[in-house]
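A.B. asks: Sharing a structure here in structure tokens format.
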Amino acid sequence: MLRPIRTLAAAAAALALVSACNSASTNGTSPGRPGDGPGDSRGITADSIKVGGIVSMTSASGYSKKDTDLGAKARYMRANAEGGVNGRRIDYLGAEDDGQDPAKNLAAARKLVQQDKVFAVSPMSSVTFSGADFLEQEKVPTFGWGTLPSFCGPKYVYGFNGCLVPTPGGTLNQTWPEGIARILGGAQGKSVAVIANDSDAGKFGIRTFQQGFTSAGFTVSYAKASVPATAVPSDWSAYVKEILESNGGKAPDAVVSVMQTPNNIGLFTALKRGGYKGLLSDPTDYDPGLLAKDATKQALDGVHVLLQFQPFESTDPQMAQFKADIKAAADGREVPLSMHMLTGYMSADLFVSIARKAGKDLTVESFQSAAQGFSDTGTLVGDRAEPRGRRTASAAARSYS
């Protein structure tokens, strides 16, 4: 009988880093000519706040984060149903599709600011964030999943659960390495292979987790961001051969993929067919809908997935609220839940929470002032605080398993 996807806990353990790391991610792209200049009340009227998103709705591989848009919509709908933000209704324009293309990401940012005149961008969910410098320059509060360096340090860009990329003097969340160590009975004498796409997110993922697993006591026998980001390989044999021989000619004890679902399905299937019996893990495949298909169910059988939020099985009232909000946004239909929905929902939630603290006189300046002393506890992604979130991940309030 097939086992379901297993989850690893999102915990608060972290390691201080002092080594120098690049914390910019612009792909060398210039922010270009500014729009109308940083407007302190852009997108604000007496009764509304205009917000837009940037999401990889489509991609060359067929992978989509479109559910991120639905998650954000769900949170904004509830905020409006509760009376808005200090009397202002959130006018959510929906998300622009960047297709995981750096040029389109920057173009989407420009459109939202220069043409649509949004006050904020929330959510921003993509493996590329070439629009980051432009949004920072234009003083646009921007919220998303902090898996890229652009979420770590800039004044106007926020990770909904903090900064997940190691920066000089910052911290590195050790949940994943320590969770896998517990499963394997310790890290001493154990080896791990880490593989990622050849993309911004993949390269930073390799850097982050290579440091994390090494610091936890593992031998990192393989760490490459070598899988094409634009298309899923039809033949995984070269990657499998390298991985299975990476540990002194033997297979590593664990294989960690920092890739999206189509790649994980291909890689894990090929590894299993190649006789691999070790631990498989990734941070992206917590999606109950994947288990409804035989092919993906077989590929993900026994895979351990890192969670950075409460699991959908949680009985916490906040999870019940999330599910009710998603159903309402989906016009009363029951839809399969996904981690992308949570990404959009919690990006919107952090924006709403800070905006409410800013008060009735909402401007970019008052919003930023409110963010400086913002904190809350026990959310679906744990305890949040700013400006701490610019340098470190949020502390989870409980173990998720």
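Ordering of the structure tokens sets the chain letters (A, B, ...); residue numbers start at 1 within each chain; ligands are numbered from 1 in the order shown.
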Would you please extract all helix (DSSP H, G or I) residues from stretch 61-151 of chain A, as assigned by DSSP on the backbone, and give them as an MDAnalysis selection string?
C.D. replies: chainID A and resid 67:81 102:115 132:137 149:151
A.B. asks: DSSP on the backbone, strand (DSSP E or B) only: what residues of stretch 220-399 of chain A does that give? Format it as a PyMOL selection string.
C.D. replies: chain A and resi 220-227+247+250+254-258+279-282+304-306+375-379+382-385+393+395
A.B. asks: Keeping N, CA, C and O atoms, export the residues of the selection given above as a tab-separated table (two decimals), in the first residue's frame.
C.D. replies:
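Writing the result to result-v3.tsv gives the following:
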```tsv
chain	number	residue	atom	x	y	z
A	220	VAL	N	28.07	16.77	2.19
A	220	VAL	CA	27.33	17.09	0.97
A	220	VAL	C	28.15	16.54	-0.21
A	220	VAL	O	29.15	17.12	-0.61
A	221	SER	N	27.71	15.42	-0.73
A	221	SER	CA	28.47	14.72	-1.76
A	221	SER	C	28.20	15.26	-3.16
A	221	SER	O	28.97	15.01	-4.09
A	222	TYR	N	27.10	16.00	-3.30
A	222	TYR	CA	26.72	16.51	-4.62
A	222	TYR	C	25.87	17.74	-4.40
A	222	TYR	O	24.93	17.72	-3.59
A	223	ALA	N	26.16	18.83	-5.10
A	223	ALA	CA	25.38	20.06	-4.97
A	223	ALA	C	25.48	20.83	-6.27
A	223	ALA	O	26.47	21.52	-6.52
A	224	LYS	N	24.48	20.70	-7.12
A	224	LYS	CA	24.52	21.34	-8.43
A	224	LYS	C	23.16	21.93	-8.80
A	224	LYS	O	22.13	21.31	-8.60
A	225	ALA	N	23.20	23.15	-9.36
A	225	ALA	CA	22.02	23.75	-9.97
A	225	ALA	C	22.19	23.58	-11.47
A	225	ALA	O	22.54	24.51	-12.19
A	226	SER	N	21.95	22.38	-11.95
A	226	SER	CA	22.32	22.01	-13.31
A	226	SER	C	21.16	21.60	-14.21
A	226	SER	O	21.33	21.44	-15.42
A	227	VAL	N	19.97	21.44	-13.65
A	227	VAL	CA	18.82	21.00	-14.44
A	227	VAL	C	18.23	22.21	-15.16
A	227	VAL	O	17.96	23.23	-14.53
A	247	ASN	N	28.81	9.70	-3.68
A	247	ASN	CA	29.32	9.44	-2.33
A	247	ASN	C	30.46	8.43	-2.38
A	247	ASN	O	30.33	7.30	-1.94
A	250	LYS	N	29.41	5.54	-4.28
A	250	LYS	CA	28.16	4.96	-3.78
A	250	LYS	C	27.06	6.02	-3.77
A	250	LYS	O	27.31	7.19	-3.97
A	254	ALA	N	20.72	10.53	1.35
A	254	ALA	CA	19.52	11.32	1.07
A	254	ALA	C	19.72	12.13	-0.20
A	254	ALA	O	20.84	12.57	-0.49
A	255	VAL	N	18.65	12.31	-0.96
A	255	VAL	CA	18.66	13.19	-2.13
A	255	VAL	C	17.63	14.28	-1.87
A	255	VAL	O	16.46	14.00	-1.63
A	256	VAL	N	18.09	15.52	-1.91
A	256	VAL	CA	17.24	16.68	-1.66
A	256	VAL	C	17.09	17.46	-2.96
A	256	VAL	O	18.08	17.90	-3.55
A	257	SER	N	15.86	17.62	-3.41
A	257	SER	CA	15.60	18.37	-4.63
A	257	SER	C	15.04	19.74	-4.29
A	257	SER	O	14.09	19.86	-3.52
A	258	VAL	N	15.64	20.78	-4.87
A	258	VAL	CA	15.14	22.14	-4.69
A	258	VAL	C	14.52	22.56	-6.03
A	258	VAL	O	14.87	23.60	-6.60
A	279	LEU	N	16.64	8.21	1.26
A	279	LEU	CA	15.58	9.18	1.56
A	279	LEU	C	15.49	10.21	0.44
A	279	LEU	O	16.51	10.73	-0.04
A	280	LEU	N	14.27	10.52	0.04
A	280	LEU	CA	14.00	11.56	-0.96
A	280	LEU	C	13.22	12.69	-0.30
A	280	LEU	O	12.32	12.45	0.50
A	281	SER	N	13.57	13.94	-0.64
A	281	SER	CA	12.90	15.07	0.00
A	281	SER	C	12.89	16.29	-0.92
A	281	SER	O	13.79	16.47	-1.74
A	282	ASP	N	11.85	17.12	-0.77
A	282	ASP	CA	11.77	18.38	-1.50
A	282	ASP	C	10.89	19.34	-0.72
A	282	ASP	O	10.19	18.93	0.20
A	304	HIS	N	9.61	12.86	1.64
A	304	HIS	CA	9.46	13.76	2.78
A	304	HIS	C	9.47	15.19	2.27
A	304	HIS	O	10.40	15.61	1.59
A	305	VAL	N	8.42	15.95	2.59
A	305	VAL	CA	8.28	17.31	2.09
A	305	VAL	C	8.41	18.31	3.24
A	305	VAL	O	7.76	18.17	4.27
A	306	LEU	N	9.28	19.28	3.04
A	306	LEU	CA	9.47	20.34	4.03
A	306	LEU	C	8.29	21.31	3.99
A	306	LEU	O	7.95	21.85	2.94
A	375	SER	N	4.77	42.94	14.76
A	375	SER	CA	4.99	41.55	15.14
A	375	SER	C	3.64	40.91	15.44
A	375	SER	O	2.70	41.59	15.87
A	376	ASP	N	3.54	39.63	15.20
A	376	ASP	CA	2.38	38.86	15.63
A	376	ASP	C	2.82	37.42	15.85
A	376	ASP	O	3.94	37.03	15.49
A	377	THR	N	1.96	36.65	16.48
A	377	THR	CA	2.34	35.28	16.83
A	377	THR	C	1.25	34.29	16.43
A	377	THR	O	0.09	34.64	16.23
A	378	GLY	N	1.68	33.03	16.29
A	378	GLY	CA	0.74	31.94	16.08
A	378	GLY	C	-0.01	31.98	14.77
A	378	GLY	O	-1.12	31.47	14.67
A	379	THR	N	0.58	32.56	13.72
A	379	THR	CA	-0.08	32.56	12.42
A	379	THR	C	0.13	31.19	11.74
A	379	THR	O	0.81	30.31	12.29
A	382	GLY	N	3.69	30.73	11.65
A	382	GLY	CA	4.43	30.94	12.89
A	382	GLY	C	4.44	32.39	13.35
A	382	GLY	O	3.52	33.16	13.05
A	383	ASP	N	5.49	32.78	14.07
A	383	ASP	CA	5.61	34.13	14.62
A	383	ASP	C	6.34	35.03	13.62
A	383	ASP	O	7.39	34.65	13.10
A	384	ARG	N	5.78	36.21	13.39
A	384	ARG	CA	6.37	37.12	12.41
A	384	ARG	C	6.80	38.41	13.09
A	384	ARG	O	6.18	38.85	14.06
A	385	ALA	N	7.85	39.03	12.57
A	385	ALA	CA	8.32	40.30	13.11
A	385	ALA	C	9.12	41.05	12.06
A	385	ALA	O	9.85	40.45	11.27
A	393	ALA	N	14.34	33.89	8.90
A	393	ALA	CA	13.02	33.30	8.72
A	393	ALA	C	12.19	33.48	9.97
A	393	ALA	O	12.70	33.65	11.08
A	395	ALA	N	9.83	32.46	13.11
A	395	ALA	CA	9.90	31.35	14.06
A	395	ALA	C	8.54	30.65	14.09
A	395	ALA	O	7.52	31.27	14.36
```
A.B. asks: Name the residues in contact with A:Arg390 at a cut-off of 9 Å, using only C-alpha atoms, excluding same-chain residues fewer than 4 positions from it; report them as a PDB file with N, CA and C atoms, in the first residue's frame.
C.D. replies:
```pdb
ATOM      1  N   GLY A 146      10.029  34.468   0.618  1.00  0.00           N
ATOM      2  CA  GLY A 146      11.400  34.971   0.664  1.00  0.00           C
ATOM      3  C   GLY A 146      12.466  33.976   0.280  1.00  0.00           C
ATOM      4  N   PHE A 151      14.402  39.409  -1.240  1.00  0.00           N
ATOM      5  CA  PHE A 151      13.513  39.514  -0.084  1.00  0.00           C
ATOM      6  C   PHE A 151      14.296  39.730   1.208  1.00  0.00           C
ATOM      7  N   CYS A 152      15.590  39.782   1.105  1.00  0.00           N
ATOM      8  CA  CYS A 152      16.444  39.830   2.292  1.00  0.00           C
ATOM      9  C   CYS A 152      17.265  41.114   2.316  1.00  0.00           C
ATOM     10  N   GLY A 153      16.757  42.128   2.985  1.00  0.00           N
ATOM     11  CA  GLY A 153      17.501  43.371   3.125  1.00  0.00           C
ATOM     12  C   GLY A 153      16.816  44.605   2.604  1.00  0.00           C
ATOM     13  N   PRO A 154      16.209  44.572   1.393  1.00  0.00           N
ATOM     14  CA  PRO A 154      15.559  45.787   0.882  1.00  0.00           C
ATOM     15  C   PRO A 154      14.508  46.331   1.837  1.00  0.00           C
ATOM     16  N   LYS A 155      14.283  47.612   1.771  1.00  0.00           N
ATOM     17  CA  LYS A 155      13.401  48.295   2.718  1.00  0.00           C
ATOM     18  C   LYS A 155      11.921  48.045   2.446  1.00  0.00           C
ATOM     19  N   VAL A 157      10.568  45.407   0.457  1.00  0.00           N
ATOM     20  CA  VAL A 157      10.242  44.045   0.010  1.00  0.00           C
ATOM     21  C   VAL A 157      10.214  43.108   1.217  1.00  0.00           C
ATOM     22  N   TYR A 158       9.121  42.370   1.377  1.00  0.00           N
ATOM     23  CA  TYR A 158       8.895  41.552   2.567  1.00  0.00           C
ATOM     24  C   TYR A 158       8.629  40.088   2.201  1.00  0.00           C
ATOM     25  N   GLY A 159       9.270  39.173   2.920  1.00  0.00           N
ATOM     26  CA  GLY A 159       8.925  37.767   2.826  1.00  0.00           C
ATOM     27  C   GLY A 159       7.831  37.467   3.836  1.00  0.00           C
ATOM     28  N   GLY A 162       9.527  35.736   6.352  1.00  0.00           N
ATOM     29  CA  GLY A 162      10.892  36.192   6.554  1.00  0.00           C
ATOM     30  C   GLY A 162      11.810  35.916   5.385  1.00  0.00           C
ATOM     31  N   CYS A 163      13.088  36.105   5.640  1.00  0.00           N
ATOM     32  CA  CYS A 163      14.148  35.882   4.653  1.00  0.00           C
ATOM     33  C   CYS A 163      14.647  34.453   4.783  1.00  0.00           C
ATOM     34  N   GLY A 170      23.279  37.181   9.051  1.00  0.00           N
ATOM     35  CA  GLY A 170      21.908  36.735   9.235  1.00  0.00           C
ATOM     36  C   GLY A 170      21.860  35.315   9.758  1.00  0.00           C
ATOM     37  N   GLU A 386       8.935  42.357  12.030  1.00  0.00           N
ATOM     38  CA  GLU A 386       9.713  43.234  11.157  1.00  0.00           C
ATOM     39  C   GLU A 386      10.384  44.302  12.011  1.00  0.00           C
TER      40      GLU A 386
END
```
A.B. asks: Of the candidates A:Ser125, A:Ser199, A:Thr269, A:Thr58, which one gets nearest to A:Ala72 if we count only C-alpha atoms?
C.D. replies: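 Under the stated criterion, the closest residue is A:Ser125.
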A.B. asks: Do a neighbour search on A:Ala229 at 9 Å with only C-alpha atoms, toss out local chain neighbours closer than 3 positions, and write the hits as a VMD selection string.
C.D. replies: chain A and resid 60 to 61 196 to 199 202 226 232
A.B. asks: Output the selection as a PDB file, in the first residue's frame - all heavy atoms for each residue.
C.D. replies:
```pdb
ATOM      1  N   ALA A  60       7.379  27.346 -19.215  1.00  0.00           N
ATOM      2  CA  ALA A  60       7.740  26.474 -20.322  1.00  0.00           C
ATOM      3  C   ALA A  60       7.604  25.005 -19.945  1.00  0.00           C
ATOM      4  O   ALA A  60       7.330  24.152 -20.792  1.00  0.00           O
ATOM      5  CB  ALA A  60       9.174  26.773 -20.773  1.00  0.00           C
ATOM      6  N   SER A  61       7.795  24.686 -18.663  1.00  0.00           N
ATOM      7  CA  SER A  61       7.711  23.297 -18.212  1.00  0.00           C
ATOM      8  C   SER A  61       6.278  22.838 -17.962  1.00  0.00           C
ATOM      9  O   SER A  61       6.017  21.669 -17.722  1.00  0.00           O
ATOM     10  CB  SER A  61       8.516  23.114 -16.920  1.00  0.00           C
ATOM     11  OG  SER A  61       7.884  23.781 -15.842  1.00  0.00           O
ATOM     12  N   ALA A 196      19.231  21.175  -8.069  1.00  0.00           N
ATOM     13  CA  ALA A 196      18.308  22.284  -8.327  1.00  0.00           C
ATOM     14  C   ALA A 196      18.328  22.647  -9.800  1.00  0.00           C
ATOM     15  O   ALA A 196      19.189  22.206 -10.574  1.00  0.00           O
ATOM     16  CB  ALA A 196      18.685  23.491  -7.485  1.00  0.00           C
ATOM     17  N   ASN A 197      17.362  23.486 -10.177  1.00  0.00           N
ATOM     18  CA  ASN A 197      17.328  24.019 -11.532  1.00  0.00           C
ATOM     19  C   ASN A 197      18.380  25.103 -11.714  1.00  0.00           C
ATOM     20  O   ASN A 197      18.786  25.755 -10.760  1.00  0.00           O
ATOM     21  CB  ASN A 197      15.954  24.623 -11.848  1.00  0.00           C
ATOM     22  CG  ASN A 197      14.874  23.591 -12.007  1.00  0.00           C
ATOM     23  OD1 ASN A 197      13.959  23.528 -11.193  1.00  0.00           O
ATOM     24  ND2 ASN A 197      14.949  22.775 -13.035  1.00  0.00           N
ATOM     25  N   ASP A 198      18.773  25.307 -12.947  1.00  0.00           N
ATOM     26  CA  ASP A 198      19.700  26.378 -13.294  1.00  0.00           C
ATOM     27  C   ASP A 198      18.905  27.678 -13.424  1.00  0.00           C
ATOM     28  O   ASP A 198      18.616  28.151 -14.523  1.00  0.00           O
ATOM     29  CB  ASP A 198      20.408  26.044 -14.611  1.00  0.00           C
ATOM     30  CG  ASP A 198      21.446  27.090 -14.986  1.00  0.00           C
ATOM     31  OD1 ASP A 198      21.757  27.950 -14.139  1.00  0.00           O
ATOM     32  OD2 ASP A 198      21.937  27.063 -16.134  1.00  0.00           O
ATOM     33  N   SER A 199      18.519  28.236 -12.273  1.00  0.00           N
ATOM     34  CA  SER A 199      17.731  29.467 -12.210  1.00  0.00           C
ATOM     35  C   SER A 199      18.187  30.238 -10.988  1.00  0.00           C
ATOM     36  O   SER A 199      18.972  29.738 -10.183  1.00  0.00           O
ATOM     37  CB  SER A 199      16.234  29.145 -12.080  1.00  0.00           C
ATOM     38  OG  SER A 199      15.968  28.516 -10.834  1.00  0.00           O
ATOM     39  N   GLY A 202      17.118  28.346  -7.982  1.00  0.00           N
ATOM     40  CA  GLY A 202      17.883  27.116  -7.845  1.00  0.00           C
ATOM     41  C   GLY A 202      19.289  27.355  -7.329  1.00  0.00           C
ATOM     42  O   GLY A 202      19.779  26.648  -6.441  1.00  0.00           O
ATOM     43  N   SER A 226      21.954  22.378 -11.948  1.00  0.00           N
ATOM     44  CA  SER A 226      22.320  22.010 -13.313  1.00  0.00           C
ATOM     45  C   SER A 226      21.161  21.598 -14.211  1.00  0.00           C
ATOM     46  O   SER A 226      21.331  21.435 -15.416  1.00  0.00           O
ATOM     47  CB  SER A 226      23.326  20.852 -13.265  1.00  0.00           C
ATOM     48  OG  SER A 226      22.797  19.761 -12.515  1.00  0.00           O
ATOM     49  N   VAL A 232      11.499  20.389 -18.674  1.00  0.00           N
ATOM     50  CA  VAL A 232      11.790  19.194 -17.885  1.00  0.00           C
ATOM     51  C   VAL A 232      12.566  18.198 -18.747  1.00  0.00           C
ATOM     52  O   VAL A 232      12.139  17.895 -19.869  1.00  0.00           O
ATOM     53  CB  VAL A 232      10.482  18.540 -17.390  1.00  0.00           C
ATOM     54  CG1 VAL A 232      10.785  17.270 -16.604  1.00  0.00           C
ATOM     55  CG2 VAL A 232       9.693  19.517 -16.537  1.00  0.00           C
TER      56      VAL A 232
END
```
